[in-house]
file final-v3.txt (compact mmCIF, C-alpha atoms (C1' of nucleotides))
# COMPACT_ATOMS: atom_id res chain seq x y z
CA MET C 1 0.00 0.00 0.00
CA GLU C 2 1.15 3.46 -0.76
CA ASN C 3 1.52 5.82 2.13
CA TYR C 4 0.70 9.26 0.87
CA SER C 5 0.04 12.59 2.48
CA LYS C 6 -3.55 13.12 3.50
CA GLN C 7 -3.88 15.79 0.82
CA ARG C 8 -2.79 13.40 -1.87
CA GLU C 9 -5.04 10.64 -0.56
CA GLU C 10 -7.96 13.02 -0.56
CA ILE C 11 -7.29 14.10 -4.13
CA ILE C 12 -7.14 10.47 -5.21
CA ASP C 13 -10.42 9.75 -3.43
CA ILE C 14 -12.11 12.64 -5.16
CA ILE C 15 -11.01 11.65 -8.66
CA LYS C 16 -11.92 8.05 -8.03
CA LYS C 17 -15.46 9.00 -7.18
CA LEU C 18 -16.07 11.33 -10.10
CA TYR C 19 -16.99 10.01 -13.50
CA HIS C 20 -17.35 13.21 -15.43
CA HIS C 21 -13.71 14.24 -16.00
CA PRO C 22 -13.40 17.06 -13.49
CA THR C 23 -11.10 20.03 -13.87
CA ALA C 24 -8.32 20.86 -11.43
CA GLU C 25 -10.46 23.69 -10.13
CA GLU C 26 -13.36 21.37 -9.35
CA ILE C 27 -11.05 18.95 -7.57
CA TYR C 28 -9.62 21.83 -5.61
CA PHE C 29 -13.10 22.98 -4.67
CA LEU C 30 -14.11 19.55 -3.43
CA ALA C 31 -10.84 18.96 -1.62
CA LYS C 32 -11.37 22.22 0.20
CA GLN C 33 -14.60 20.92 1.70
CA LYS C 34 -12.67 18.29 3.59
CA ASP C 35 -9.51 20.29 4.14
CA PRO C 36 -10.06 24.04 3.94
CA ALA C 37 -6.35 24.69 4.17
CA ILE C 38 -5.40 22.82 1.02
CA SER C 39 -3.86 24.96 -1.69
CA ARG C 40 -4.23 25.00 -5.43
CA SER C 41 -0.57 24.30 -5.93
CA THR C 42 -0.95 21.08 -3.96
CA VAL C 43 -3.79 20.02 -6.20
CA TYR C 44 -1.84 20.76 -9.37
CA ARG C 45 1.33 19.17 -8.02
CA ASN C 46 -0.50 15.99 -7.13
CA LEU C 47 -2.44 15.81 -10.35
CA LYS C 48 0.86 15.99 -12.15
CA PHE C 49 2.36 13.37 -9.84
CA LEU C 50 -0.54 11.01 -10.43
CA SER C 51 -0.56 11.58 -14.18
CA ASP C 52 3.15 10.86 -14.39
CA LYS C 53 2.63 7.77 -12.30
CA GLY C 54 -0.10 6.64 -14.64
CA ASP C 55 -2.97 6.53 -12.15
CA VAL C 56 -4.70 9.51 -13.63
CA MET C 57 -5.27 10.58 -17.19
CA GLN C 58 -4.90 14.21 -18.14
CA ILE C 59 -7.06 15.27 -21.06
CA ALA C 60 -6.22 18.45 -22.93
CA VAL C 61 -9.12 20.48 -24.22
CA SER C 62 -9.08 23.45 -26.56
CA ASN C 63 -10.66 26.55 -25.05
CA GLY C 64 -10.78 25.13 -21.57
CA PRO C 65 -8.82 23.75 -18.65
CA ASP C 66 -7.47 20.23 -18.67
CA ARG C 67 -9.70 17.44 -17.47
CA TYR C 68 -8.75 14.50 -15.31
CA ASP C 69 -9.91 10.92 -15.20
CA TYR C 70 -8.96 8.15 -12.81
CA ILE C 71 -7.64 5.05 -14.49
CA ASN C 72 -9.04 2.03 -12.77
CA GLU C 73 -10.48 -1.35 -13.46
CA ARG C 74 -13.57 0.01 -15.09
CA LYS C 75 -13.70 -1.11 -18.65
CA LYS C 76 -10.98 0.61 -20.65
CA HIS C 77 -12.42 3.54 -22.44
CA GLY C 78 -11.51 6.42 -24.66
CA HIS C 79 -12.70 9.99 -24.70
CA VAL C 80 -14.45 12.02 -27.33
CA ILE C 81 -14.94 15.71 -27.02
CA CYS C 82 -17.50 17.87 -28.70
CA THR C 83 -15.75 20.84 -30.24
CA LYS C 84 -18.81 22.96 -29.81
CA CYS C 85 -19.86 22.51 -26.22
CA GLY C 86 -16.74 20.92 -24.84
CA LYS C 87 -18.61 18.00 -23.37
CA LEU C 88 -16.59 14.85 -22.95
CA TYR C 89 -17.96 11.43 -23.73
CA ASP C 90 -16.53 8.05 -22.85
CA PHE C 91 -16.52 5.24 -25.31
CA ASP C 92 -15.58 1.64 -24.69
CA TYR C 93 -12.69 0.05 -26.42
CA ASP C 94 -13.27 -2.78 -28.78
CA LEU C 95 -11.28 -4.80 -31.23
CA ASP C 96 -11.23 -2.07 -33.85
CA ILE C 97 -9.31 0.29 -31.70
CA GLU C 98 -6.61 -2.29 -31.17
CA GLN C 99 -6.15 -2.41 -34.91
CA VAL C 100 -5.98 1.35 -35.12
CA LYS C 101 -3.38 1.39 -32.40
CA GLN C 102 -1.33 -1.23 -34.19
CA ASN C 103 -1.64 0.81 -37.32
CA ILE C 104 -0.52 3.99 -35.64
CA PHE C 105 2.42 2.17 -34.18
CA ASN C 106 3.40 0.81 -37.56
CA GLN C 107 3.22 4.23 -39.13
CA THR C 108 4.71 6.40 -36.44
CA GLY C 109 6.47 4.27 -33.88
CA VAL C 110 4.24 5.78 -31.26
CA GLU C 111 2.93 3.23 -28.85
CA ILE C 112 -0.54 4.13 -27.76
CA LEU C 113 -1.08 3.51 -24.08
CA ASP C 114 -4.31 1.82 -23.16
CA ASP C 115 -5.26 4.77 -21.07
CA GLY C 116 -4.30 7.18 -23.77
CA ILE C 117 -7.14 7.48 -26.17
CA ALA C 118 -7.77 10.95 -27.43
CA ILE C 119 -4.85 9.99 -28.42
CA LYS C 120 -1.59 9.95 -26.63
CA GLY C 121 1.38 7.67 -26.21
CA ILE C 122 5.07 7.34 -25.77
CA CYS C 123 7.18 7.69 -28.87
CA ASN C 124 10.21 5.65 -29.75
CA SER C 125 12.80 8.31 -29.09
CA CYS C 126 11.39 8.90 -25.62
CA LYS C 127 11.38 5.21 -24.90
CA ILE C 128 15.09 4.99 -25.67
CA GLY C 129 15.66 8.06 -23.55
CA LYS C 130 16.44 10.61 -26.22
CA LYS C 131 14.76 13.98 -26.27
CA LEU C 132 13.94 15.48 -29.67
CA GLU C 133 12.53 18.84 -30.49
CA ASN C 134 9.33 18.83 -32.48
CA MET V 135 -12.45 32.87 -54.64
CA GLU V 136 -12.49 34.27 -51.20
CA ASN V 137 -11.49 37.85 -50.81
CA TYR V 138 -9.82 38.17 -47.47
CA SER V 139 -7.75 40.81 -45.77
CA LYS V 140 -4.05 40.61 -46.54
CA GLN V 141 -3.40 39.58 -42.94
CA ARG V 142 -5.78 36.67 -43.19
CA GLU V 143 -4.36 35.62 -46.55
CA GLU V 144 -0.87 35.72 -45.14
CA ILE V 145 -1.86 33.58 -42.16
CA ILE V 146 -3.46 31.04 -44.48
CA ASP V 147 -0.33 30.99 -46.63
CA ILE V 148 1.85 30.35 -43.62
CA ILE V 149 -0.20 27.45 -42.28
CA LYS V 150 -0.46 25.93 -45.73
CA LYS V 151 3.29 25.80 -46.05
CA LEU V 152 4.02 24.33 -42.63
CA TYR V 153 3.71 20.64 -41.99
CA HIS V 154 4.75 20.49 -38.38
CA HIS V 155 1.66 21.80 -36.59
CA PRO V 156 2.84 25.28 -35.64
CA THR V 157 1.65 27.21 -32.61
CA ALA V 158 -0.10 30.56 -32.80
CA GLU V 159 3.09 32.18 -31.62
CA GLU V 160 5.11 30.67 -34.45
CA ILE V 161 2.54 31.77 -36.99
CA TYR V 162 2.59 35.24 -35.49
CA PHE V 163 6.38 35.31 -35.68
CA LEU V 164 6.40 34.32 -39.35
CA ALA V 165 3.57 36.68 -40.25
CA LYS V 166 5.54 39.50 -38.68
CA GLN V 167 8.38 38.92 -41.15
CA LYS V 168 6.11 39.91 -44.01
CA ASP V 169 4.00 42.41 -42.12
CA PRO V 170 5.72 43.84 -39.07
CA ALA V 171 2.56 45.65 -38.01
CA ILE V 172 0.43 42.56 -37.62
CA SER V 173 -0.82 41.93 -34.11
CA ARG V 174 -1.22 38.81 -32.05
CA SER V 175 -4.93 39.37 -31.70
CA THR V 176 -5.26 39.30 -35.47
CA VAL V 177 -3.49 35.97 -35.59
CA TYR V 178 -5.67 34.47 -32.88
CA ARG V 179 -8.84 35.92 -34.35
CA ASN V 180 -8.06 34.49 -37.75
CA LEU V 181 -7.00 31.11 -36.44
CA LYS V 182 -10.35 30.94 -34.72
CA PHE V 183 -12.13 32.07 -37.86
CA LEU V 184 -10.40 29.46 -39.96
CA SER V 185 -10.94 26.71 -37.41
CA ASP V 186 -14.63 27.49 -37.20
CA LYS V 187 -14.80 27.55 -40.97
CA GLY V 188 -13.15 24.14 -41.06
CA ASP V 189 -10.07 25.08 -43.05
CA VAL V 190 -7.74 24.68 -40.12
CA MET V 191 -7.59 22.11 -37.37
CA GLN V 192 -6.87 23.19 -33.84
CA ILE V 193 -5.12 20.59 -31.73
CA ALA V 194 -5.16 20.88 -27.93
CA VAL V 195 -2.04 19.76 -26.15
CA SER V 196 -1.48 19.30 -22.44
CA ASN V 197 1.29 21.46 -21.06
CA GLY V 198 1.60 23.59 -24.13
CA PRO V 199 -0.12 25.95 -26.51
CA ASP V 200 -2.57 24.73 -29.11
CA ARG V 201 -1.23 23.57 -32.44
CA TYR V 202 -2.68 24.25 -35.87
CA ASP V 203 -2.82 22.22 -39.03
CA TYR V 204 -4.14 23.18 -42.44
CA ILE V 205 -6.78 20.81 -43.77
CA ASN V 206 -6.22 20.29 -47.44
CA GLU V 207 -6.24 17.64 -50.07
CA ARG V 208 -3.34 15.81 -48.56
CA LYS V 209 -4.44 12.38 -47.49
CA LYS V 210 -6.70 12.61 -44.47
CA HIS V 211 -4.70 12.01 -41.37
CA GLY V 212 -4.94 11.94 -37.63
CA HIS V 213 -2.58 13.13 -34.98
CA VAL V 214 -0.78 11.34 -32.21
CA ILE V 215 1.06 13.16 -29.53
CA CYS V 216 3.83 11.85 -27.35
CA THR V 217 3.00 12.67 -23.78
CA LYS V 218 6.63 12.87 -22.88
CA CYS V 219 8.18 15.15 -25.47
CA GLY V 220 5.03 16.67 -26.90
CA LYS V 221 5.96 15.79 -30.45
CA LEU V 222 3.07 15.40 -32.82
CA TYR V 223 2.94 12.67 -35.40
CA ASP V 224 0.59 12.31 -38.33
CA PHE V 225 -0.94 9.01 -39.21
CA ASP V 226 -2.98 8.14 -42.26
CA TYR V 227 -6.55 7.07 -41.97
CA ASP V 228 -7.52 3.63 -43.05
CA LEU V 229 -10.56 1.44 -42.92
CA ASP V 230 -10.15 0.62 -39.24
CA ILE V 231 -10.60 4.16 -38.17
CA GLU V 232 -13.89 4.37 -40.01
CA GLN V 233 -15.11 1.46 -37.90
CA VAL V 234 -13.93 3.11 -34.74
CA LYS V 235 -15.73 6.28 -35.72
CA GLN V 236 -18.90 4.36 -36.42
CA ASN V 237 -18.53 2.69 -33.08
CA ILE V 238 -18.04 5.94 -31.25
CA PHE V 239 -21.09 7.33 -32.94
CA ASN V 240 -23.15 4.32 -31.93
CA GLN V 241 -22.07 4.60 -28.35
CA THR V 242 -22.09 8.33 -27.82
CA GLY V 243 -23.94 10.02 -30.62
CA VAL V 244 -20.85 12.03 -31.32
CA GLU V 245 -20.13 12.30 -34.98
CA ILE V 246 -16.43 12.34 -35.57
CA LEU V 247 -15.41 14.81 -38.25
CA ASP V 248 -12.94 13.56 -40.79
CA ASP V 249 -10.51 16.22 -39.75
CA GLY V 250 -11.11 15.54 -36.11
CA ILE V 251 -8.92 12.71 -35.06
CA ALA V 252 -7.36 13.18 -31.69
CA ILE V 253 -10.54 13.04 -31.33
CA LYS V 254 -13.18 15.67 -31.76
CA GLY V 255 -16.64 15.96 -33.20
CA ILE V 256 -20.04 17.50 -32.92
CA CYS V 257 -22.42 15.92 -30.45
CA ASN V 258 -26.09 15.40 -30.92
CA SER V 259 -27.32 18.14 -28.64
CA CYS V 260 -25.13 20.66 -30.43
CA LYS V 261 -26.38 19.46 -33.76
CA ILE V 262 -29.97 20.12 -32.75
CA GLY V 263 -28.96 23.48 -31.38
CA LYS V 264 -29.18 22.85 -27.67
CA LYS V 265 -26.39 23.79 -25.32
CA LEU V 266 -25.72 21.53 -22.37
CA GLU V 267 -23.35 21.95 -19.52
CA ASN V 268 -20.88 19.14 -19.02
C1' DC Q 269 -16.84 59.08 -56.54
C1' DC Q 270 -19.08 60.31 -51.60
C1' DT Q 271 -21.49 58.36 -47.49
C1' DT Q 272 -22.55 55.03 -44.52
C1' DA Q 273 -22.38 50.59 -42.35
C1' DA Q 274 -20.03 46.41 -41.50
C1' DA Q 275 -15.92 43.94 -40.86
C1' DA Q 276 -11.23 43.75 -39.62
C1' DT Q 277 -7.30 45.60 -37.49
C1' DA Q 278 -3.42 47.11 -33.91
C1' DG Q 279 -2.26 47.46 -29.49
C1' DG Q 280 -2.56 46.57 -25.13
C1' DA Q 281 -5.30 45.41 -20.86
C1' DA Q 282 -7.56 41.67 -18.64
C1' DT Q 283 -8.37 36.93 -17.73
C1' DG Q 284 -7.72 32.13 -16.75
C1' DA Q 285 -4.96 28.23 -16.09
C1' DT Q 286 -0.92 26.67 -14.57
C1' DT Q 287 3.76 26.82 -12.82
C1' DC Q 288 7.15 28.58 -9.86
C1' DC Q 289 9.17 30.34 -5.55
C1' DT Q 290 9.98 30.54 -0.62
C1' DA Q 291 9.44 29.67 3.93
C1' DT Q 292 7.38 26.23 6.84
C1' DT Q 293 5.76 21.70 8.16
C1' DT Q 294 5.58 16.81 7.87
C1' DT Q 295 7.63 12.39 7.26
C1' DA Q 296 11.22 9.02 7.04
C1' DT Q 297 15.62 7.57 8.64
C1' DA Q 298 19.67 6.81 11.18
C1' DT G 299 16.37 13.23 18.96
C1' DA G 300 18.93 15.14 14.88
C1' DT G 301 19.07 15.33 9.94
C1' DA G 302 17.61 15.03 5.46
C1' DA G 303 14.06 14.54 2.07
C1' DA G 304 9.51 15.28 0.60
C1' DA G 305 5.38 17.80 0.73
C1' DT G 306 2.82 21.74 1.84
C1' DA G 307 0.42 26.71 1.84
C1' DG G 308 0.23 30.85 -0.13
C1' DG G 309 0.97 33.88 -3.34
C1' DA G 310 3.80 35.85 -7.19
C1' DA G 311 4.97 35.08 -11.85
C1' DT G 312 4.24 33.28 -16.32
C1' DC G 313 2.05 31.80 -20.39
C1' DA G 314 -1.59 31.44 -23.65
C1' DT G 315 -5.51 33.41 -24.95
C1' DT G 316 -9.45 36.54 -25.01
C1' DC G 317 -11.36 40.96 -24.65
C1' DC G 318 -11.73 45.96 -25.29
C1' DT G 319 -11.39 50.34 -27.74
C1' DA G 320 -10.22 53.42 -31.07
C1' DT G 321 -8.89 53.39 -35.82
C1' DT G 322 -8.70 51.70 -40.52
C1' DT G 323 -10.27 49.09 -44.36
C1' DT G 324 -13.77 47.21 -47.25
C1' DA G 325 -18.33 46.76 -49.39
C1' DA G 326 -22.53 48.67 -51.07
C1' DG G 327 -25.75 52.11 -52.65
C1' DG G 328 -27.09 56.20 -54.53

call {"tool": "encode", "arguments": {"input": "final-v3.txt", "output": "structure tokens"}}
result
Amino acid sequence: MENYSKQREEIIDIIKKLYHHPTAEEIYFLAKQKDPAISRSTVYRNLKFLSDKGDVMQIAVSNGPDRYDYINERKKHGHVICTKCGKLYDFDYDLDIEQVKQNIFNQTGVEILDDGIAIKGICNSCKIGKKLEN
Amino acid sequence: MENYSKQREEIIDIIKKLYHHPTAEEIYFLAKQKDPAISRSTVYRNLKFLSDKGDVMQIAVSNGPDRYDYINERKKHGHVICTKCGKLYDFDYDLDIEQVKQNIFNQTGVEILDDGIAIKGICNSCKIGKKLEN
DNA sequence: CCTTAAAATAGGAATGATTCCTATTTTATA
DNA sequence: TATAAAATAGGAATCATTCCTATTTTAAGG
């Protein structure tokens, strides 16, 4: 079992319970209910920590703040965003998407992570530890 | 033929020539070479105009500014981003992705636009003119 | 061509999201 | 208990983007 700070535990709890891809601000707001002293920087720092660790997915959105989603044993799913209203939808993975991922890998060398639909991954040069400019 | 302002024409020219998904700032920088008086707000306003019109794709990226891509007769392609280095890769569409899109539509009612991989679309409620909160 | 209205612009202020900084507190370790 | 490492609160700073206002350009009609 991990032994985290109570702030971090609380942030994890909050994301685990929410199924609508909350923003950092919403997580901060909810965390404040339990712990009025918590700061925004703690929320951001922990969201980054958890994303890097792979427990949380960070979803970039044009014209809006990033959204977060806990990655758990729920059926693997991807995200679709409406460019008009910004609403996020989940969709379940199926066989097709595995083929698309294989295809993307063949074409680009980018390995799509299961949690990374909408669509993110780790590219070859990163995997071998080299940093390239874009 | 469209008859646009010289600033807008210049911005279109720039995006057409670039194949590496430039940022607004880069477009602004290049536009300034030709027209030193051009302003950032003009660049942003026109990028928005062109995105809304469907001539340009706007790609949201975590931890960085949006990227832009001209939508032309080049083979339809999607975008994959490396979450580590932020590099964007193109990948060509194939049959698989059509199935995925159909699938997403069946599950969510979101209609994926051909230019919208990475992955965006217009949802049902927007299509019928209603605005929902997320 | 003039006149008027609409659209687009430059420039910079304002906003919103996120990161960064510093001093303090908590936790882990020897 | 002393020491070092990690995490925190709070707020300043930064970055990308939008918004505002006064001015200029363009389009249309008479």

call {"tool": "closest_atom_pairs", "arguments": {"input": "final-v3.txt", "of": "chain V", "to": "chain G", "cutoff": "9 Å", "atoms": "only C-alpha atoms (C1' of nucleotides)", "output": "JSON lines"}}
result
{"residue": "V:Ser139", "atom": "CA", "partner": "G:DT323", "partner_atom": "C1'", "distance": 8.8}
{"residue": "V:Ser175", "atom": "CA", "partner": "G:DT316", "partner_atom": "C1'", "distance": 8.6}
{"residue": "V:Tyr178", "atom": "CA", "partner": "G:DT315", "partner_atom": "C1'", "distance": 8.0}
{"residue": "V:Gly198", "atom": "CA", "partner": "G:DA314", "partner_atom": "C1'", "distance": 8.5}
{"residue": "V:Pro199", "atom": "CA", "partner": "G:DA314", "partner_atom": "C1'", "distance": 6.4}
{"residue": "V:Asp200", "atom": "CA", "partner": "G:DA314", "partner_atom": "C1'", "distance": 8.7}

call {"tool": "write_last_selection", "arguments": {"input": "final-v3.txt", "atoms": "C-alpha atoms", "output": "PDB file, in the coordinates of the input"}}
result
ATOM      1  CA  SER V 139      -7.750  40.810 -45.770  1.00  0.00           C
ATOM      2  CA  SER V 175      -4.930  39.370 -31.700  1.00  0.00           C
ATOM      3  CA  TYR V 178      -5.670  34.470 -32.880  1.00  0.00           C
ATOM      4  CA  GLY V 198       1.600  23.590 -24.130  1.00  0.00           C
ATOM      5  CA  PRO V 199      -0.120  25.950 -26.510  1.00  0.00           C
ATOM      6  CA  ASP V 200      -2.570  24.730 -29.110  1.00  0.00           C
TER       7      ASP V 200
END

call {"tool": "atom_distance", "arguments": {"input": "final-v3.txt", "atom1": "CA of Ala165 (chain V)", "atom2": "CA of Ile148 (chain V)"}}
result
7.4 Å

call {"tool": "interface_residues", "arguments": {"input": "final-v3.txt", "of": "chain V", "to": "chain Q", "cutoff": "12 Å", "atoms": "only C-alpha atoms (C1' of nucleotides)", "output": "count of residues only"}}
result
20

call {"tool": "residues_near_point", "arguments": {"input": "final-v3.txt", "point": "(-1.1, 6.6, -6.8)", "cutoff": "9 Å", "atoms": "only C-alpha atoms (C1' of nucleotides)", "output": "ChimeraX atom specification"}}
result
/C:2,4,8-9,12,49-51,53-56

call {"tool": "atom_distance", "arguments": {"input": "final-v3.txt", "atom1": "CA of Glu26 (chain C)", "atom2": "CA of His77 (chain C)"}}
result
22.1 Å

call {"tool": "closest_residue", "arguments": {"input": "final-v3.txt", "among": "C:Glu10, C:Asp52, C:Asp69, C:Asp35", "to": "chain V", "atoms": "only C-alpha atoms"}}
result
C:Asp52

call {"tool": "atom_distance", "arguments": {"input": "final-v3.txt", "atom1": "CA of Tyr70 (chain C)", "atom2": "CA of Lys16 (chain C)"}}
result
5.6 Å

call {"tool": "closest_residue", "arguments": {"input": "final-v3.txt", "among": "V:Gln167, V:Asn206, V:Asn137, V:Thr157", "to": "chain C", "atoms": "all atoms listed in the file"}}
result
V:Thr157
